[in-house]
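Chemist: Take this structure first; my questions come after.
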Amino acid sequence: MDVFNAIIQTLDSTIRLSVPLLLACLAGLYSERAGIFDIGLEGKMLVGAFAGAAAASVFHSAFLGLGMAILISVAFAMIHGFASITHRGNQIVSGVAINFIAAGSTIILGQAWFQQGGRTPALQPGERFEAITLPGAEAIRDVPVIGPIYAELLSGHSILVYLAFLMVPFTWWVLFRTRFGLRLRAVGENPAAVDTAGISVAWLRYRALICTGILTGIAGAYLSMVQNGGFVKDMTAGKGYIALAALIFAKWKPVNAMFACLLFGFLDAASIRLQGSPLPIIGKVPAQFMQALPYILTVILLAGFIGKAIPPRAGGVPYVKER
Amino acid sequence: MSAPYAKLPAWADYGLIPLINLFVAFVVAGFVVLLVGENPLRAAVILVEGAFGKGTGIAFTLFYATTFIFTGLSVAVAAHCGLFNIGTEGQAYIAGLGIAIVCLSFDSTLPWWLTFPLAIIAAAAVGALWALIPAYLQAKRGSHIVITTIMFNFIAASIMVYLLVGPLKPAASQAPQTRNFLAGAELPKLNWIIELFGAKIRSAPLNVTFLLALVMAFLVWLLIWRTKLGYEMRTYGHSPKAARYAGISETRIIITAMMISGGLAGMMALNPVMGDQHNVAIDFVSGAGFVGIAVALMGRLHPVGIVLAAILFGMLYQGGAELAFEMPAISRDMIVIIQGLVILFAGALEHMFRPYIQALFASFSPRSVGMEAVKGKGA
C-alpha cells in the first residue's frame, strides 16, 4: 500500500507541475501554428506571474489578479507582434528581448512597489485560488484504489488546473473545427495563400498572439497564485523553455502537447521524489540528470531519432506582401 | 535575408541608425526609472561617473567589456553565417570544465604564461565541441539550431552543477566550486596600463585576457572579410541557395562557423575564471552569453562595433553596480531591462525608424539613397 500511495502522490505532483508547462505549451501552439516563433513564453509567464500576484495582493481578489496577469501578458505578446509582424523583425531576437525585459522589470518594479527583495507580499486566503474538492471526494476516500485516485489525484486542485486540462480539447476544437483555426493553421503554412483569399495575415497573426498572451498569463498566475503564495523573482526558472521543448516533442498538436507536458512534469516530480534514493537496477541517478532529461529527449527528437518533428512551414519568416 | 529597404550611406547605416535605436532604448529605460520614482538623468550621471569617473571604475568597465567582446564575437560569427547561436551561454559555461582541468593539473608546476595558452586551447576546444553537436544536427538533420542550442544551455548547466557539487568540489568544502587555483593559473593584471595615465586603482580584475579579446576581434575581422572561408560564410548567411549553387558545402560551412563561434564563447570563460575568481564556480557565466546577443546586434556584427558595444555594456555593468549603491530602488537588474530594450530596438525593431530616416535623406539628396535605381524598377 505504501508503494501505491507513493505512486499516487508522485502522479499528483506530476499534475501540479505539468499545469504551467501545459498552459505555456498550448500558448506556444497558437503562435507557432500561426507562423510566429515564440522564445518569449518564459518572459510572458514571468510578467503574468508578477502582475497576477501584485494585483491580487493589492486588490485582495484572486480573479482581479488573474485578469491583470492576462492583460499584462497579452500586452507583452503585442510587443512581440509589433516587432515581428508589423516591423517584420527577427522573431527570435524579439522573443529574447521580451525575456530580458520581463526578468529585469519584474524585479525592479517588485522591489520598488513592495520592498521585499523582489517578492510580492504573501497572498492571503481569498487572494489566491483555493483547492476545489470534487463532489463525493470525502465520501469515497476510504474505498481502496478508486478512493485515493479520485480524492487525491482528481479532486483537490485549483480551478486553474481543471481549466488547463479543459484547454486541451478546446484548443483542438478551435484549431481543427473552426474557421479561425483553419485560417490560423493556413497562415502558418502558407501565408500568401491566406492573403490571396483576402484575409489579413497580420491581423490573424495578432489574434494568434492574443491567444498566446492569454494562456501564458494564466500559466504565470498559476505559478504565483496557486503553486506559490506570491511572486518570487525568476520563478519561471526555465519552464517557458521546457514548454517550448514540449511543443516540439508534441509535434505542434494539442493532445500530444498534454502528454508531453505530463511526461516532463513527471520527470520533474520523480526527480524531486527520488532525491538521493537509489532506483532498482539503475542505481542512484543524479538529480541533475533527471532535470536535464526533458532537454536531452527534445534534442534526440529533433535529431529525428524518435519520429520527425516538422514545424509549421512559414514559422519564423516575416510575411512580406507582394506588390 | 530579403531587404525591402533601399540603401543608405554607410555612416547612416552603421552609425546613425544604431545610435537612434540605442537612444530610444535608453529613453524607454528612463521611463522605467521614472516609474520607480527616481530621476533618470541623475541615474545616468551616476552610471557614467561610476564607470569612467575613477581608475578603478575604468578597469572594472574594461574587465566586463572583455567578457562581452568574446560573447559578442561568438554570436556575430554565427550570425554572419545566418545562424542564431543562442547557446553562447552554455558553451562558455561548459568551457569552464576545460579550464578547470588544465588549471587544476598544471597550476602547481607551470608558470602562468604556459598555463594560459593551454587553458585557451582547452576552453576553445570544449566550447567548440559543445557547439559541434547542434551544428551537426542543423546541417545533417535540419533540427533548428536555436532550439537545440537552448536545450544545450540547460544540459550544460546540469552537467556543470553535477560536477561542481560532486567530482570537482574539494571534499572538505561546502561551496559548489573547485579549489582555488595556485599562482600558476592566475593571470597578471593590466591595471598598470590605466595607472600610466595617472589614475589610481585599488583592486580591479582587469587582466591579460583583455588583450586576447582584442586580438580575437582583429582575427574575426580578418576571417570574415579577408578570407575565403569568411566569404563563404557570408554567402551562406545571405542566401543558402546561392551558396549551394556556388558549390559551398552546407555541412562544412555550418559546422565550421558554429565551432568558431563556440570556441570564442569558450574563451570568454578565461576572463572571470583565471583573471578574477581563480576557481570555477556555479553560474560563473551569469548571463554574459545572452549579453553577447545584445552586443553583437548593437555592434552591427562588426568587430569594431562589437568592441565599442562591449565597452558600453561593460560601462552599464560597472556603473550599474555604483547606481545600485546610490539609488537602492534601482538594483543591478536595471541592466537586464536595458539589455532587453537594446535587443528589442537594435535587433527586432532595427528597421522601425529606417523609413523616416530614408525619407529625410531622400528629401535632401535623392542620390544618396539610390532613388534612381528604385525608380528604374518601377516602384
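Residue names in the C-alpha cells use chain letters A, B, ... in the order shown, residue numbers from 1 in each chain, and ligand numbers from 1 in the order shown.
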Considering only C-alpha atoms, return as an MDAnalysis selection string whatever protein or nucleic-acid residues lie within 6 Å of Ile98 of chain A, sequence-local ones (same chain, fewer than 3 positions apart) excluded.
Modeler: chainID A and resid 40 43 95 101:102
Chemist: Next, write the just-selected residues to a file, as a PDB file, in the first residue's frame, keeping C-alpha atoms as the atom set.
Modeler:
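Done, and the output landed in result-v3.pdb:
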ATOM      1  CA  GLY A  40       9.360  34.689 -25.189  1.00  0.00           C
ATOM      2  CA  GLY A  43       9.097  36.142 -20.179  1.00  0.00           C
ATOM      3  CA  GLY A  95      11.490  36.879 -28.018  1.00  0.00           C
ATOM      4  CA  ILE A 101      12.670  42.940 -20.206  1.00  0.00           C
ATOM      5  CA  ALA A 102      10.401  40.643 -18.217  1.00  0.00           C
TER       6      ALA A 102
END
Chemist: Taking only C-alpha atoms into account and nothing else, which residues of chain B lie no more than 7 Å away from chain A? Please answer as a tab-separated table (two decimals) with C-alpha atoms, in the first residue's frame.
Modeler:
chain	number	residue	atom	x	y	z
B	36	VAL	CA	10.34	53.54	-9.80
B	137	LEU	CA	22.16	18.35	-36.14
B	141	ARG	CA	19.22	16.59	-39.63
B	143	SER	CA	16.99	20.48	-36.39
B	148	THR	CA	18.98	22.81	-29.93
B	151	MET	CA	18.46	22.83	-24.93
B	154	PHE	CA	20.27	23.68	-19.96
B	155	ILE	CA	22.16	20.43	-20.45
B	158	SER	CA	23.03	20.43	-15.41
B	162	TYR	CA	26.59	17.92	-11.18
B	329	ALA	CA	15.43	51.34	-5.62
B	330	ILE	CA	17.42	50.59	-8.76
B	331	SER	CA	19.20	47.30	-8.39
B	333	ASP	CA	18.60	44.20	-12.62
B	334	MET	CA	18.01	47.55	-14.29
B	336	VAL	CA	18.79	43.41	-17.62
B	337	ILE	CA	15.94	45.69	-18.69
B	339	GLN	CA	19.82	44.86	-22.24
B	340	GLY	CA	16.36	43.68	-23.26
B	341	LEU	CA	15.44	47.08	-24.64
B	343	ILE	CA	17.99	43.85	-28.10
B	344	LEU	CA	14.43	44.92	-28.89
B	347	GLY	CA	17.62	43.96	-33.07
B	348	ALA	CA	13.97	43.18	-33.59
B	349	LEU	CA	12.88	46.75	-34.32
B	351	HIS	CA	14.03	48.90	-39.19
B	352	MET	CA	11.42	50.87	-37.27
Chemist: What's the 8 Å shell around Ala122 of chain A, counting only C-alpha atoms, without same-chain residues fewer than 5 positions away, as a ChimeraX atom specification?
Modeler: /A:57,229-230
Chemist: With distances taken over only C-alpha atoms, which of B:Val208, B:Ala51, B:Ala128, B:Met160 is nearest to Pro176 of chain B?
Modeler: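 Under the stated criterion, the closest residue is B:Met160.
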Chemist: One decimal, in Å: what's the spacing between atom CA of Val307 of chain B and atom CA of Ala65 of chain B?
Modeler: 7.6 Å
Chemist: Could you write out, as a list in words, all the residues of segment 67-279 of chain A that DSSP marks as strand (DSSP E)?
Modeler: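 DSSP on the backbone gives strand (DSSP E) at Ala131, Ile132, His157 and Ser158 of chain A.
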Chemist: If we count only C-alpha atoms, what is near segment 177-190 of chain B at a cut-off of 8 Å, once residues fewer than 2 positions away on the same chain are taken out, given as number ranges by chain?
Modeler: B: 100, 103-104, 106-112, 115-116, 164-165, 168-170, 175, 192-194, 205-208, 274-275, 278-282
Chemist: Within 8 Å of Leu209 of chain A, counting only C-alpha atoms, which residues qualify if same-chain residues fewer than 3 places away don't, as a PyMOL selection string?
Modeler: chain A and resi 30-31+74+77-78+81+205-206+212-213
Chemist: Report the distance between atom CA of Ala296 of chain B and atom CA of Gln358 of chain B in Å, rounded to one decimal place.
Modeler: 23.9 Å
Chemist: Given only C-alpha atoms as the basis, pick out the residue of A:Phe180, A:Phe76, A:Phe129, A:Trp252 nearest to Ile214 of chain A.
Modeler: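 Residue with the minimum atom-to-atom distance to Ile214 of chain A: A:Phe76.
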Chemist: Which is closest to Asn228 of chain A among A:Ala164, A:Leu17, A:Ile140, A:Cys261, if we use only C-alpha atoms?
Modeler: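 Smallest separation from Asn228 of chain A among the options: A:Leu17.
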Chemist: Skip Gly263 of chain B itself and residues of its chain fewer than 3 positions away, then list as JSON, numbers by chain all residues within 6 Å of it, counting only C-alpha atoms.
Modeler: {"B": [124, 127, 128, 259, 260, 266]}
Chemist: Go ahead and write the selection's residues with C-alpha atoms as a PDB file, in the first residue's frame.
Modeler:
ATOM      1  CA  ALA B 124      38.125  26.979 -27.077  1.00  0.00           C
ATOM      2  CA  GLY B 127      33.290  25.408 -26.305  1.00  0.00           C
ATOM      3  CA  ALA B 128      33.669  24.379 -29.934  1.00  0.00           C
ATOM      4  CA  MET B 259      32.692  25.677 -33.939  1.00  0.00           C
ATOM      5  CA  ILE B 260      34.472  29.022 -34.299  1.00  0.00           C
ATOM      6  CA  GLY B 266      34.542  29.202 -24.585  1.00  0.00           C
TER       7      GLY B 266
END
Chemist: Using only C-alpha atoms, find the one residue out of B:Ser365, B:Asn271, B:Gln138, B:Asn39 that sits nearest to Arg252 of chain B.
Modeler: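 Between B:Ser365, B:Asn271, B:Gln138, B:Asn39, the residue approaching Arg252 of chain B most closely is B:Gln138.
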Chemist: Which residues are close to Thr71 of chain B, i.e. within 6 Å by only C-alpha atoms, leaving aside same-chain residues fewer than 5 positions away? Reply as a list in words.
Modeler: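 Surrounding residues, per the criterion: Ala265, Gly289 and Gly292 of chain B.
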Chemist: Go ahead and save the residues from that selection, with N, CA and C atoms, as a PDB file, in the first residue's frame.
Modeler:
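Just written: result-v1.pdb:
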ATOM      1  N   ALA B 265      33.116  31.640 -27.670  1.00  0.00           N
ATOM      2  CA  ALA B 265      32.310  31.637 -26.450  1.00  0.00           C
ATOM      3  C   ALA B 265      33.088  31.005 -25.311  1.00  0.00           C
ATOM      4  N   GLY B 289      26.603  35.314 -21.845  1.00  0.00           N
ATOM      5  CA  GLY B 289      26.345  34.799 -23.185  1.00  0.00           C
ATOM      6  C   GLY B 289      25.178  35.507 -23.836  1.00  0.00           C
ATOM      7  N   GLY B 292      25.960  38.885 -24.990  1.00  0.00           N
ATOM      8  CA  GLY B 292      26.619  38.814 -26.293  1.00  0.00           C
ATOM      9  C   GLY B 292      25.660  39.053 -27.445  1.00  0.00           C
TER      10      GLY B 292
END
